[in-house]
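Printed here is upload.cif (mmCIF, C-alpha atoms):
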```cif
data_work
#
loop_
_atom_site.group_PDB
_atom_site.id
_atom_site.type_symbol
_atom_site.label_atom_id
_atom_site.label_comp_id
_atom_site.auth_asym_id
_atom_site.auth_seq_id
_atom_site.Cartn_x
_atom_site.Cartn_y
_atom_site.Cartn_z
ATOM 1 C CA MET A 691 111.597 81.452 126.535
ATOM 2 C CA VAL A 692 109.612 81.939 123.362
ATOM 3 C CA VAL A 693 107.596 79.633 121.144
ATOM 4 C CA LEU A 694 106.751 80.925 117.662
ATOM 5 C CA VAL A 695 104.143 79.556 115.293
ATOM 6 C CA SER A 696 102.891 80.783 111.936
ATOM 7 C CA ALA A 697 99.459 82.175 111.239
ATOM 8 C CA CYS A 698 98.403 78.757 110.002
ATOM 9 C CA GLY A 699 99.436 77.106 113.255
ATOM 10 C CA GLY A 700 102.559 75.297 112.008
ATOM 11 C CA GLU A 701 106.108 75.815 113.211
ATOM 12 C CA VAL A 702 108.208 78.315 111.279
ATOM 13 C CA THR A 703 111.524 76.771 110.254
ATOM 14 C CA GLN A 704 114.724 78.736 109.749
ATOM 15 C CA GLU A 705 114.950 77.344 106.242
ATOM 16 C CA GLU A 706 111.555 78.779 105.334
ATOM 17 C CA LEU A 707 112.556 82.170 106.720
ATOM 18 C CA GLU A 708 115.784 82.206 104.738
ATOM 19 C CA LEU A 709 113.987 81.234 101.552
ATOM 20 C CA GLY A 710 111.469 83.983 102.080
ATOM 21 C CA SER A 711 108.584 81.607 101.407
ATOM 22 C CA LEU A 712 106.558 83.051 104.287
ATOM 23 C CA LYS A 713 106.770 86.708 103.288
ATOM 24 C CA GLN A 714 102.991 87.149 103.252
ATOM 25 C CA ARG A 715 102.239 84.776 106.119
ATOM 26 C CA LEU A 716 104.677 86.612 108.378
ATOM 27 C CA GLU A 717 102.264 89.522 108.412
ATOM 28 C CA LEU A 718 100.289 87.464 110.921
ATOM 29 C CA PHE A 719 102.060 85.318 113.532
ATOM 30 C CA GLN A 720 101.338 83.806 116.929
ATOM 31 C CA TYR A 721 103.724 83.615 119.872
ATOM 32 C CA ASN A 722 104.050 82.419 123.460
ATOM 33 C CA ALA A 723 106.702 84.029 125.625
ATOM 34 C CA THR A 724 107.907 84.556 129.170
ATOM 35 C CA GLU A 725 110.479 86.744 130.925
ATOM 36 C CA THR A 726 111.006 88.993 127.904
ATOM 37 C CA ASN A 727 111.818 92.088 129.991
ATOM 38 C CA THR A 728 109.031 93.975 128.216
ATOM 39 C CA ALA A 729 109.934 92.615 124.766
ATOM 40 C CA SER A 730 113.532 93.785 124.993
ATOM 41 C CA ASN A 731 115.610 90.608 125.401
ATOM 42 C CA THR A 732 116.215 87.437 123.403
ATOM 43 C CA ASN A 733 113.236 85.678 125.000
ATOM 44 C CA SER A 734 111.050 87.904 122.810
ATOM 45 C CA ALA A 735 109.452 86.633 119.608
ATOM 46 C CA THR A 736 111.066 88.286 116.597
ATOM 47 C CA GLN A 737 109.947 88.395 112.994
ATOM 48 C CA PRO A 738 111.297 90.262 109.939
ATOM 49 C CA ILE A 739 109.100 92.658 108.004
ATOM 50 C CA GLU A 740 110.092 94.249 104.717
ATOM 51 C CA LEU A 741 109.133 97.917 104.379
ATOM 52 C CA GLY A 742 109.494 100.303 101.473
ATOM 53 C CA VAL A 743 110.633 103.911 101.710
ATOM 54 C CA ASN A 744 107.906 106.064 103.329
ATOM 55 C CA GLU A 745 105.732 102.971 103.859
ATOM 56 C CA THR A 746 103.441 103.251 106.888
ATOM 57 C CA VAL A 747 102.400 100.314 109.048
ATOM 58 C CA MET A 748 100.407 99.521 112.161
ATOM 59 C CA ILE A 749 101.578 96.434 114.059
ATOM 60 C CA GLY A 750 99.987 94.913 117.123
ATOM 61 C CA THR A 751 98.108 92.284 119.065
ATOM 62 C CA CYS A 752 94.935 94.341 119.318
ATOM 63 C CA GLY A 753 92.571 96.341 117.138
ATOM 64 C CA LEU A 754 93.778 94.942 113.806
ATOM 65 C CA ASN A 755 92.304 92.216 111.641
ATOM 66 C CA GLY A 756 93.352 88.817 112.996
ATOM 67 C CA ALA A 757 95.185 90.241 116.008
ATOM 68 C CA ALA A 758 94.645 88.666 119.431
ATOM 69 C CA SER A 759 95.814 89.736 122.884
ATOM 70 C CA ASP A 760 96.572 87.663 125.962
ATOM 71 C CA PRO A 761 93.764 87.616 128.586
ATOM 72 C CA THR A 762 96.181 89.352 130.954
ATOM 73 C CA ASN A 763 96.408 92.224 128.444
ATOM 74 C CA ASN A 764 100.164 92.597 128.964
ATOM 75 C CA ASN A 765 101.394 92.148 125.402
ATOM 76 C CA VAL A 766 104.201 94.451 124.266
ATOM 77 C CA VAL A 767 105.246 95.046 120.655
ATOM 78 C CA ARG A 768 108.363 96.877 119.480
ATOM 79 C CA LEU A 769 109.914 97.634 116.088
ATOM 80 C CA LYS A 770 113.598 97.836 115.129
ATOM 81 C CA ASN A 771 115.143 99.185 111.927
ATOM 82 C CA PRO A 772 117.562 97.242 109.672
ATOM 83 C CA ALA A 773 120.485 98.430 111.836
ATOM 84 C CA GLY A 774 118.871 96.962 114.952
ATOM 85 C CA VAL A 775 117.937 100.342 116.441
ATOM 86 C CA GLU A 776 114.509 100.526 118.053
ATOM 87 C CA VAL A 777 112.107 102.865 116.251
ATOM 88 C CA THR A 778 108.943 102.030 118.198
ATOM 89 C CA SER A 779 106.186 104.634 118.056
ATOM 90 C CA TRP A 780 103.358 103.787 120.447
ATOM 91 C CA GLY A 781 100.097 105.644 120.831
ATOM 92 C CA VAL A 782 97.640 104.560 118.122
ATOM 93 C CA PHE A 783 95.267 102.012 119.595
ATOM 94 C CA SER A 784 91.622 100.951 119.654
ATOM 95 C CA SER A 785 89.259 100.839 122.612
ATOM 96 C CA GLY A 786 90.241 97.961 124.879
ATOM 97 C CA CYS A 787 93.880 97.890 123.683
ATOM 98 C CA THR A 788 96.835 98.905 125.789
ATOM 99 C CA SER A 789 99.081 101.476 124.168
ATOM 100 C CA PHE A 790 102.087 99.129 124.310
ATOM 101 C CA SER A 791 100.308 96.468 122.228
ATOM 102 C CA ARG A 792 100.197 98.621 119.071
ATOM 103 C CA VAL A 793 102.964 100.265 117.062
ATOM 104 C CA SER A 794 102.606 102.789 114.247
ATOM 105 C CA TYR A 795 105.523 103.786 112.061
ATOM 106 C CA THR A 796 106.513 105.321 108.719
ATOM 107 C CA ALA A 797 109.778 103.905 107.406
ATOM 108 C CA PRO A 798 112.234 106.620 106.266
ATOM 109 C CA ALA A 799 114.214 104.055 104.284
ATOM 110 C CA ALA A 800 113.502 100.708 102.640
ATOM 111 C CA GLY A 801 114.801 97.547 104.273
ATOM 112 C CA VAL A 802 114.093 94.542 106.444
ATOM 113 C CA TYR A 803 112.889 95.704 109.853
ATOM 114 C CA SER A 804 112.142 93.408 112.798
ATOM 115 C CA ILE A 805 109.107 93.033 115.029
ATOM 116 C CA TRP A 806 109.760 92.161 118.676
ATOM 117 C CA ALA A 807 106.800 90.759 120.617
ATOM 118 C CA GLY A 808 106.765 89.905 124.304
ATOM 119 C CA CYS A 809 105.132 90.594 127.661
ATOM 120 C CA SER A 810 105.311 93.261 130.341
ATOM 121 C CA SER A 811 108.235 92.902 132.722
ATOM 122 C CA SER A 812 108.957 89.206 133.441
ATOM 123 C CA GLN A 813 105.405 87.968 132.944
ATOM 124 C CA SER A 814 104.217 85.246 130.543
ATOM 125 C CA CYS A 815 101.773 85.828 127.712
ATOM 126 C CA SER A 816 100.647 84.764 124.272
ATOM 127 C CA GLY A 817 99.250 86.689 121.347
ATOM 128 C CA THR A 818 98.741 87.005 117.625
ATOM 129 C CA VAL A 819 100.561 89.884 115.964
ATOM 130 C CA SER A 820 98.975 91.436 112.885
ATOM 131 C CA VAL A 821 100.393 93.927 110.393
ATOM 132 C CA SER A 822 98.383 96.599 108.583
ATOM 133 C CA LYS A 823 100.048 98.425 105.663
ATOM 134 C CA ARG A 824 98.833 101.801 104.468
ATOM 135 C CA LYS A 825 97.968 102.217 100.784
ATOM 136 C CA GLY A 826 96.829 105.816 100.913
ATOM 137 C CA GLN A 827 96.202 108.975 102.946
ATOM 138 C CA VAL A 828 93.802 111.558 101.519
ATOM 139 C CA THR A 829 92.678 114.932 102.899
ATOM 140 C CA TYR A 830 89.320 116.180 101.671
ATOM 141 C CA SER A 831 86.633 118.825 102.199
ATOM 142 C CA ALA A 832 83.006 118.207 101.331
ATOM 143 C CA LEU A 833 79.589 119.855 101.508
ATOM 144 C CA ASN A 834 76.026 118.677 100.926
ATOM 145 C CA THR A 835 76.944 115.053 100.187
ATOM 146 C CA ASN A 836 73.665 113.550 101.497
ATOM 147 C CA GLY A 837 75.500 110.946 103.525
ATOM 148 C CA ALA A 838 78.298 110.438 100.954
ATOM 149 C CA LEU A 839 75.868 109.813 98.091
ATOM 150 C CA LEU A 840 76.766 112.859 95.977
ATOM 151 C CA ASN A 841 79.415 115.596 95.776
ATOM 152 C CA THR A 842 81.879 113.117 97.312
ATOM 153 C CA TYR A 843 85.651 112.896 97.127
ATOM 154 C CA ASN A 844 86.411 109.631 95.308
ATOM 155 C CA LYS A 845 89.579 107.553 95.360
ATOM 156 C CA GLN A 846 90.114 104.144 93.732
ATOM 157 C CA TYR A 847 92.515 101.310 94.600
ATOM 158 C CA PHE A 848 93.173 97.754 93.427
ATOM 159 C CA PHE A 849 92.958 94.949 95.994
ATOM 160 C CA ASP A 850 93.563 91.210 95.804
ATOM 161 C CA GLY A 851 91.078 88.597 96.924
ATOM 162 C CA GLY A 852 91.520 87.871 100.629
ATOM 163 C CA ASP A 853 92.744 91.375 101.493
ATOM 164 C CA VAL A 854 91.028 93.140 104.362
ATOM 165 C CA ILE A 855 90.433 96.817 103.601
ATOM 166 C CA ARG A 856 90.354 99.385 106.397
ATOM 167 C CA VAL A 857 89.168 102.900 105.468
ATOM 168 C CA SER A 858 89.049 105.380 108.323
ATOM 169 C CA THR A 859 88.897 108.989 109.470
ATOM 170 C CA CYS A 860 89.242 107.831 113.107
ATOM 171 C CA THR A 861 92.383 109.048 114.873
ATOM 172 C CA ASN A 862 91.783 106.642 117.771
ATOM 173 C CA SER A 863 92.282 103.504 115.701
ATOM 174 C CA SER A 864 94.025 104.352 112.423
ATOM 175 C CA TYR A 865 97.387 106.085 112.221
ATOM 176 C CA GLY A 866 97.228 109.176 110.011
ATOM 177 C CA ALA A 867 93.440 109.552 110.044
ATOM 178 C CA SER A 868 91.771 112.679 111.434
ATOM 179 C CA VAL A 869 88.660 114.853 111.442
ATOM 180 C CA THR A 870 89.293 118.589 111.412
ATOM 181 C CA SER A 871 85.621 119.554 111.493
ATOM 182 C CA GLY A 872 82.179 118.076 110.965
ATOM 183 C CA ASP A 873 80.758 114.560 110.821
ATOM 184 C CA THR A 874 82.321 112.276 108.209
ATOM 185 C CA PHE A 875 80.655 109.512 106.194
ATOM 186 C CA LEU A 876 82.464 106.818 104.167
ATOM 187 C CA ARG A 877 81.236 104.393 101.520
ATOM 188 C CA LEU A 878 83.081 101.625 99.660
ATOM 189 C CA PHE A 879 82.137 100.446 96.167
ATOM 190 C CA LYS A 880 83.390 97.607 93.981
ATOM 191 C CA GLN A 881 83.836 98.318 90.295
ATOM 192 C CA THR A 882 81.723 95.947 88.208
ATOM 193 C CA SER A 883 82.729 94.197 85.001
ATOM 194 C CA THR A 884 81.158 96.974 82.954
ATOM 195 C CA SER A 885 84.061 99.230 84.085
ATOM 196 C CA THR A 886 81.660 102.128 84.595
ATOM 197 C CA GLY A 887 79.314 100.563 87.128
ATOM 198 C CA TYR A 888 79.824 100.246 90.877
ATOM 199 C CA THR A 889 78.204 98.199 93.633
ATOM 200 C CA GLU A 890 78.257 99.400 97.234
ATOM 201 C CA VAL A 891 79.797 96.857 99.617
ATOM 202 C CA ALA A 892 80.339 98.750 102.901
ATOM 203 C CA LEU A 893 79.624 102.048 104.650
ATOM 204 C CA SER A 894 80.290 103.841 107.917
ATOM 205 C CA ASP A 895 78.998 106.951 109.636
ATOM 206 C CA ASN A 896 79.918 107.189 113.332
ATOM 207 C CA ALA A 897 82.223 104.270 114.161
ATOM 208 C CA ALA A 898 82.304 102.910 117.707
ATOM 209 C CA GLY A 899 84.766 104.815 119.878
ATOM 210 C CA CYS A 900 85.406 107.374 117.134
ATOM 211 C CA GLY A 901 82.916 110.145 117.838
ATOM 212 C CA THR A 902 81.892 111.745 114.533
ATOM 213 C CA ALA A 903 84.648 109.890 112.660
ATOM 214 C CA SER A 904 84.009 106.903 110.406
ATOM 215 C CA GLU A 905 85.733 103.579 109.894
ATOM 216 C CA LEU A 906 84.843 100.553 107.786
ATOM 217 C CA THR A 907 86.531 97.208 107.182
ATOM 218 C CA TYR A 908 85.807 94.841 104.331
ATOM 219 C CA LEU A 909 87.068 91.392 103.352
ATOM 220 C CA VAL A 910 87.735 91.416 99.603
ATOM 221 C CA PRO A 911 86.084 88.338 98.026
ATOM 222 C CA SER A 912 87.794 88.706 94.652
ATOM 223 C CA ALA A 913 90.486 90.881 93.079
ATOM 224 C CA GLY A 914 89.415 94.138 91.516
ATOM 225 C CA TYR A 915 89.174 97.893 91.790
ATOM 226 C CA TYR A 916 87.406 99.395 94.797
ATOM 227 C CA GLN A 917 86.338 103.022 95.085
ATOM 228 C CA ILE A 918 86.133 105.003 98.312
ATOM 229 C CA ARG A 919 83.605 107.818 98.409
ATOM 230 C CA ALA A 920 84.208 110.248 101.247
ATOM 231 C CA GLY A 921 81.613 112.748 102.355
ATOM 232 C CA CYS A 922 79.729 114.066 105.363
ATOM 233 C CA ALA A 923 76.686 113.011 107.344
ATOM 234 C CA GLY A 924 73.426 114.374 105.975
ATOM 235 C CA ASN A 925 73.937 117.620 104.062
ATOM 236 C CA SER A 926 76.472 119.072 106.446
ATOM 237 C CA SER A 927 80.064 120.105 105.735
ATOM 238 C CA CYS A 928 83.217 118.388 106.922
ATOM 239 C CA ASN A 929 86.992 118.423 106.615
ATOM 240 C CA ALA A 930 88.966 115.269 107.271
ATOM 241 C CA THR A 931 91.788 112.940 106.299
ATOM 242 C CA PHE A 932 90.971 109.331 105.524
ATOM 243 C CA VAL A 933 93.519 106.557 105.407
ATOM 244 C CA VAL A 934 93.378 103.261 103.533
ATOM 245 C CA TYR A 935 95.070 100.185 104.972
ATOM 246 C CA LYS A 936 95.456 96.615 103.740
ATOM 247 C CA GLU A 937 95.483 94.027 106.519
#
```

Represent the structure from my file as C-alpha cells, please.
Amino acid sequence: MVVLVSACGGEVTQEELELGSLKQRLELFQYNATETNTASNTNSATQPIELGVNETVMIGTCGLNGAASDPTNNNVVRLKNPAGVEVTSWGVFSSGCTSFSRVSYTAPAAGVYSIWAGCSSSQSCSGTVSVSKRKGQVTYSALNTNGALLNTYNKQYFFDGGDVIRVSTCTNSSYGASVTSGDTFLRLFKQTSTSTGYTEVALSDNAAGCGTASELTYLVPSAGYYQIRAGCAGNSSCNATFVVYKE
C-alpha cells in the first residue's frame, strides 16, 4: 500500500499529473508505503521526472535539500528509464544516509523517467524524496589563491529565486565532485546591479565529512547571476573538480 502527497502536503490527483501542472513540485514529494519488496512492486510510490540528454541528477530521501528519511532508516529509492528498465546507480550518499536511499544518474537520452520509492523488504516507512539537478561540472587547478580570494577559477550561472545552490568538491555527497590533490576552498558571489560588482554570499573550506573537500549550499533570495570562485586553502596548490547542483 502506498499513500502519496505533494511537497505542499496536498494529494496529487491524476488529472494534475496528466496536465503537467506539478512539473516543478514533483521534484519534492512525500510518501508512506508498506510491503514494497524493496521498492520493486506496485506498492511503491512512483513519480515521473523529465530528464534531458546527458542531464545528471541525485535523487533521495537523505542528504539533499528538503529530503527526509524514515526514523527506521530503511528507505529505498530506484530509477527507471522511459522504457521501464531500471537504471539505478547507488553509492553517492552523505554521512548518516544509507546507500539505498540515494540515487545518482546521468541520462543518456532525454525522456520521462520514473522514480520508485519504498522500504526495505516488506517493512513500512515514510519519507520525502528530493531531486537535485546538475548545472555544471568543472575541473580546475589553482595556486596561491589566499583562500579563494585571488588567482581563482571563476564560473558564473543564472539562478531563479527560491533555488537552492549546491557547489561541491566533495565526492562523499555530490556525484561528480572530486579532489585530486590539495585542500580546496569555494566562495559564492552574487552579481550586483552594477554588472561589474559582486557580493559574497557563501563560502566553504573543509566541509563536514568531506576531509579537505569543500561544499556550500545557498538559498537564492532573488533571481540573478551567481559566480563561483574556486581556489585552495591558504596559499597552497590544489587540483579538483567542483559540481554545481540546483535543488

For Ser816 in chain A: contacts at 9 Å, all atoms listed in the file, fewer than 5 positions along chain excluded, given as number ranges by chain: A: 720-724, 758-761, 765, 808-809

The PyMOL selection byres ((chain A and resi 775-781) around 9) applied to the shown file, residues as a list in words: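 Output of the PyMOL selection byres ((chain A and resi 775-781) around 9): Val767, Arg768, Leu769, Lys770, Asn771, Pro772, Ala773, Gly774, Val782, Phe783, Thr788, Ser789, Phe790, Ser791, Arg792, Val793, Ser794, Tyr795 and Asn862 of chain A.
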
Answer key for the PyMOL selection byres ((chain A and resi 926) around 10), residues as a VMD selection string: chain A and resid 832 to 837 872 to 874 921 to 925 927 to 928

Picked residues, the PyMOL selection byres ((chain A and resi 811) around 9), expected as a VMD selection string: chain A and resid 725 to 729 764 809 to 810 812 to 814

Distance of CA of Thr859 in chain A from CA of Ile805 in chain A, expressed in Å to one decimal place: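 Result for CA of Ile805 in chain A versus CA of Thr859 in chain A: 26.3 Å, one decimal.
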
Selection as a VMD selection string: residues within 9 Å of (86.2, 101.5, 97.4), counting only C-alpha atoms: chain A and resid 844 to 848 855 857 877 to 881 890 to 892 915 to 919

Selected residue of minimal separation from Cys860 in chain A among A:Cys787, A:Leu909, A:Cys752, A:Ala930, counting only C-alpha atoms: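 Closest to Cys860 in chain A, using only C-alpha atoms: A:Ala930.
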
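Considering all atoms listed in the file, the residue among A:Ser804, A:Asn733, A:Ser820, A:Ser785 positioned nearest to Met748 in chain A is A:Ser820.
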
CA of Leu741 in chain A to CA of Gly899 in chain A, distance in Å rounded to a single decimal: 29.7 Å

Tyr935 in chain A environment, 8 Å, all atoms listed in the file, sequence neighbours closer than 5 positions dropped, as an NGL selection string: :A and (822-826 or 855-857)

Proximity to Thr736 in chain A - best of A:Ala807, A:Pro798, A:Val819, A:Leu754, all atoms listed in the file: A:Ala807

Selected residue of minimal separation from Asn755 in chain A among A:Ser871, A:Asn896, A:Thr931, A:Thr818, counting all atoms listed in the file: A:Thr818

Selection: 10 Å around Glu905 in chain A, only C-alpha atoms, excl. self and same-chain fewer than 2 positions, as a list in words: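 What passes the distance filter is Arg856, Val857, Ser858, Thr859, Cys860, Thr861, Ser863, Ser864, Ala867, Thr874, Phe875, Leu876, Arg877, Leu893, Ser894, Asp895, Asn896, Ala897, Ala898, Cys900, Ala903, Thr907, Phe932, Val933 and Val934 of chain A.
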
Prev. selection, C-alpha atoms, output as a PDB file, keeping the file's coordinate frame:
```pdb
ATOM      1  CA  ARG A 856      90.354  99.385 106.397  1.00  0.00           C
ATOM      2  CA  VAL A 857      89.168 102.900 105.468  1.00  0.00           C
ATOM      3  CA  SER A 858      89.049 105.380 108.323  1.00  0.00           C
ATOM      4  CA  THR A 859      88.897 108.989 109.470  1.00  0.00           C
ATOM      5  CA  CYS A 860      89.242 107.831 113.107  1.00  0.00           C
ATOM      6  CA  THR A 861      92.383 109.048 114.873  1.00  0.00           C
ATOM      7  CA  SER A 863      92.282 103.504 115.701  1.00  0.00           C
ATOM      8  CA  SER A 864      94.025 104.352 112.423  1.00  0.00           C
ATOM      9  CA  ALA A 867      93.440 109.552 110.044  1.00  0.00           C
ATOM     10  CA  THR A 874      82.321 112.276 108.209  1.00  0.00           C
ATOM     11  CA  PHE A 875      80.655 109.512 106.194  1.00  0.00           C
ATOM     12  CA  LEU A 876      82.464 106.818 104.167  1.00  0.00           C
ATOM     13  CA  ARG A 877      81.236 104.393 101.520  1.00  0.00           C
ATOM     14  CA  LEU A 893      79.624 102.048 104.650  1.00  0.00           C
ATOM     15  CA  SER A 894      80.290 103.841 107.917  1.00  0.00           C
ATOM     16  CA  ASP A 895      78.998 106.951 109.636  1.00  0.00           C
ATOM     17  CA  ASN A 896      79.918 107.189 113.332  1.00  0.00           C
ATOM     18  CA  ALA A 897      82.223 104.270 114.161  1.00  0.00           C
ATOM     19  CA  ALA A 898      82.304 102.910 117.707  1.00  0.00           C
ATOM     20  CA  CYS A 900      85.406 107.374 117.134  1.00  0.00           C
ATOM     21  CA  ALA A 903      84.648 109.890 112.660  1.00  0.00           C
ATOM     22  CA  THR A 907      86.531  97.208 107.182  1.00  0.00           C
ATOM     23  CA  PHE A 932      90.971 109.331 105.524  1.00  0.00           C
ATOM     24  CA  VAL A 933      93.519 106.557 105.407  1.00  0.00           C
ATOM     25  CA  VAL A 934      93.378 103.261 103.533  1.00  0.00           C
TER      26      VAL A 934
END
```

As a PDB file, keeping the file's coordinate frame, please: range 795-817 of chain A completed to N, CA, C and O atoms.
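Writing the result to selection28.pdb gives the following:
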```
ATOM      1  N   TYR A 795     104.215 103.305 112.513  1.00  0.00           N
ATOM      2  CA  TYR A 795     105.523 103.786 112.061  1.00  0.00           C
ATOM      3  C   TYR A 795     105.529 104.019 110.562  1.00  0.00           C
ATOM      4  O   TYR A 795     104.907 103.268 109.803  1.00  0.00           O
ATOM      5  N   THR A 796     106.255 105.066 110.130  1.00  0.00           N
ATOM      6  CA  THR A 796     106.513 105.321 108.719  1.00  0.00           C
ATOM      7  C   THR A 796     108.005 105.165 108.486  1.00  0.00           C
ATOM      8  O   THR A 796     108.814 105.884 109.077  1.00  0.00           O
ATOM      9  N   ALA A 797     108.367 104.221 107.634  1.00  0.00           N
ATOM     10  CA  ALA A 797     109.778 103.905 107.406  1.00  0.00           C
ATOM     11  C   ALA A 797     110.451 104.993 106.569  1.00  0.00           C
ATOM     12  O   ALA A 797     110.017 105.268 105.452  1.00  0.00           O
ATOM     13  N   PRO A 798     111.529 105.607 107.043  1.00  0.00           N
ATOM     14  CA  PRO A 798     112.234 106.620 106.266  1.00  0.00           C
ATOM     15  C   PRO A 798     113.085 106.022 105.152  1.00  0.00           C
ATOM     16  O   PRO A 798     113.467 106.717 104.214  1.00  0.00           O
ATOM     17  N   ALA A 799     113.391 104.733 105.283  1.00  0.00           N
ATOM     18  CA  ALA A 799     114.214 104.055 104.284  1.00  0.00           C
ATOM     19  C   ALA A 799     113.727 102.628 104.104  1.00  0.00           C
ATOM     20  O   ALA A 799     113.179 102.026 105.032  1.00  0.00           O
ATOM     21  N   ALA A 800     113.913 102.080 102.910  1.00  0.00           N
ATOM     22  CA  ALA A 800     113.502 100.708 102.640  1.00  0.00           C
ATOM     23  C   ALA A 800     114.466  99.730 103.305  1.00  0.00           C
ATOM     24  O   ALA A 800     115.644 100.026 103.485  1.00  0.00           O
ATOM     25  N   GLY A 801     113.946  98.562 103.666  1.00  0.00           N
ATOM     26  CA  GLY A 801     114.801  97.547 104.273  1.00  0.00           C
ATOM     27  C   GLY A 801     114.008  96.519 105.036  1.00  0.00           C
ATOM     28  O   GLY A 801     112.777  96.566 105.079  1.00  0.00           O
ATOM     29  N   VAL A 802     114.723  95.582 105.641  1.00  0.00           N
ATOM     30  CA  VAL A 802     114.093  94.542 106.444  1.00  0.00           C
ATOM     31  C   VAL A 802     114.156  94.960 107.910  1.00  0.00           C
ATOM     32  O   VAL A 802     115.232  94.982 108.521  1.00  0.00           O
ATOM     33  N   TYR A 803     113.023  95.320 108.451  1.00  0.00           N
ATOM     34  CA  TYR A 803     112.889  95.704 109.853  1.00  0.00           C
ATOM     35  C   TYR A 803     112.561  94.448 110.666  1.00  0.00           C
ATOM     36  O   TYR A 803     112.371  93.373 110.097  1.00  0.00           O
ATOM     37  N   SER A 804     112.476  94.569 111.978  1.00  0.00           N
ATOM     38  CA  SER A 804     112.142  93.408 112.798  1.00  0.00           C
ATOM     39  C   SER A 804     111.119  93.765 113.868  1.00  0.00           C
ATOM     40  O   SER A 804     111.238  94.804 114.525  1.00  0.00           O
ATOM     41  N   ILE A 805     110.134  92.897 113.997  1.00  0.00           N
ATOM     42  CA  ILE A 805     109.107  93.033 115.029  1.00  0.00           C
ATOM     43  C   ILE A 805     109.555  92.230 116.244  1.00  0.00           C
ATOM     44  O   ILE A 805     109.964  91.074 116.116  1.00  0.00           O
ATOM     45  N   TRP A 806     109.478  92.842 117.420  1.00  0.00           N
ATOM     46  CA  TRP A 806     109.760  92.161 118.676  1.00  0.00           C
ATOM     47  C   TRP A 806     108.465  92.114 119.483  1.00  0.00           C
ATOM     48  O   TRP A 806     107.842  93.155 119.733  1.00  0.00           O
ATOM     49  N   ALA A 807     108.047  90.930 119.866  1.00  0.00           N
ATOM     50  CA  ALA A 807     106.800  90.759 120.617  1.00  0.00           C
ATOM     51  C   ALA A 807     107.087  90.022 121.917  1.00  0.00           C
ATOM     52  O   ALA A 807     107.788  89.005 121.927  1.00  0.00           O
ATOM     53  N   GLY A 808     106.550  90.532 123.008  1.00  0.00           N
ATOM     54  CA  GLY A 808     106.765  89.905 124.304  1.00  0.00           C
ATOM     55  C   GLY A 808     105.696  90.289 125.298  1.00  0.00           C
ATOM     56  O   GLY A 808     104.555  90.560 124.920  1.00  0.00           O
ATOM     57  N   CYS A 809     106.089  90.351 126.579  1.00  0.00           N
ATOM     58  CA  CYS A 809     105.132  90.594 127.661  1.00  0.00           C
ATOM     59  C   CYS A 809     105.722  91.623 128.622  1.00  0.00           C
ATOM     60  O   CYS A 809     106.935  91.814 128.688  1.00  0.00           O
ATOM     61  N   SER A 810     104.861  92.267 129.370  1.00  0.00           N
ATOM     62  CA  SER A 810     105.311  93.261 130.341  1.00  0.00           C
ATOM     63  C   SER A 810     106.223  92.621 131.378  1.00  0.00           C
ATOM     64  O   SER A 810     105.969  91.510 131.857  1.00  0.00           O
ATOM     65  N   SER A 811     107.308  93.319 131.683  1.00  0.00           N
ATOM     66  CA  SER A 811     108.235  92.902 132.722  1.00  0.00           C
ATOM     67  C   SER A 811     108.685  91.458 132.511  1.00  0.00           C
ATOM     68  O   SER A 811     109.141  91.091 131.436  1.00  0.00           O
ATOM     69  N   SER A 812     108.535  90.608 133.536  1.00  0.00           N
ATOM     70  CA  SER A 812     108.957  89.206 133.441  1.00  0.00           C
ATOM     71  C   SER A 812     107.771  88.255 133.330  1.00  0.00           C
ATOM     72  O   SER A 812     107.913  87.049 133.541  1.00  0.00           O
ATOM     73  N   GLN A 813     106.604  88.784 133.003  1.00  0.00           N
ATOM     74  CA  GLN A 813     105.405  87.968 132.944  1.00  0.00           C
ATOM     75  C   GLN A 813     105.393  87.065 131.701  1.00  0.00           C
ATOM     76  O   GLN A 813     106.205  87.216 130.788  1.00  0.00           O
ATOM     77  N   SER A 814     104.436  86.128 131.685  1.00  0.00           N
ATOM     78  CA  SER A 814     104.217  85.246 130.543  1.00  0.00           C
ATOM     79  C   SER A 814     102.964  85.689 129.808  1.00  0.00           C
ATOM     80  O   SER A 814     102.030  86.228 130.411  1.00  0.00           O
ATOM     81  N   CYS A 815     102.946  85.468 128.496  1.00  0.00           N
ATOM     82  CA  CYS A 815     101.773  85.828 127.712  1.00  0.00           C
ATOM     83  C   CYS A 815     101.817  85.148 126.352  1.00  0.00           C
ATOM     84  O   CYS A 815     102.833  84.569 125.964  1.00  0.00           O
ATOM     85  N   SER A 816     100.721  85.241 125.654  1.00  0.00           N
ATOM     86  CA  SER A 816     100.647  84.764 124.272  1.00  0.00           C
ATOM     87  C   SER A 816      99.873  85.801 123.475  1.00  0.00           C
ATOM     88  O   SER A 816      99.174  86.651 124.044  1.00  0.00           O
ATOM     89  N   GLY A 817      99.982  85.736 122.176  1.00  0.00           N
ATOM     90  CA  GLY A 817      99.250  86.689 121.347  1.00  0.00           C
ATOM     91  C   GLY A 817      99.417  86.388 119.876  1.00  0.00           C
ATOM     92  O   GLY A 817     100.230  85.549 119.484  1.00  0.00           O
TER      93      GLY A 817
END
```
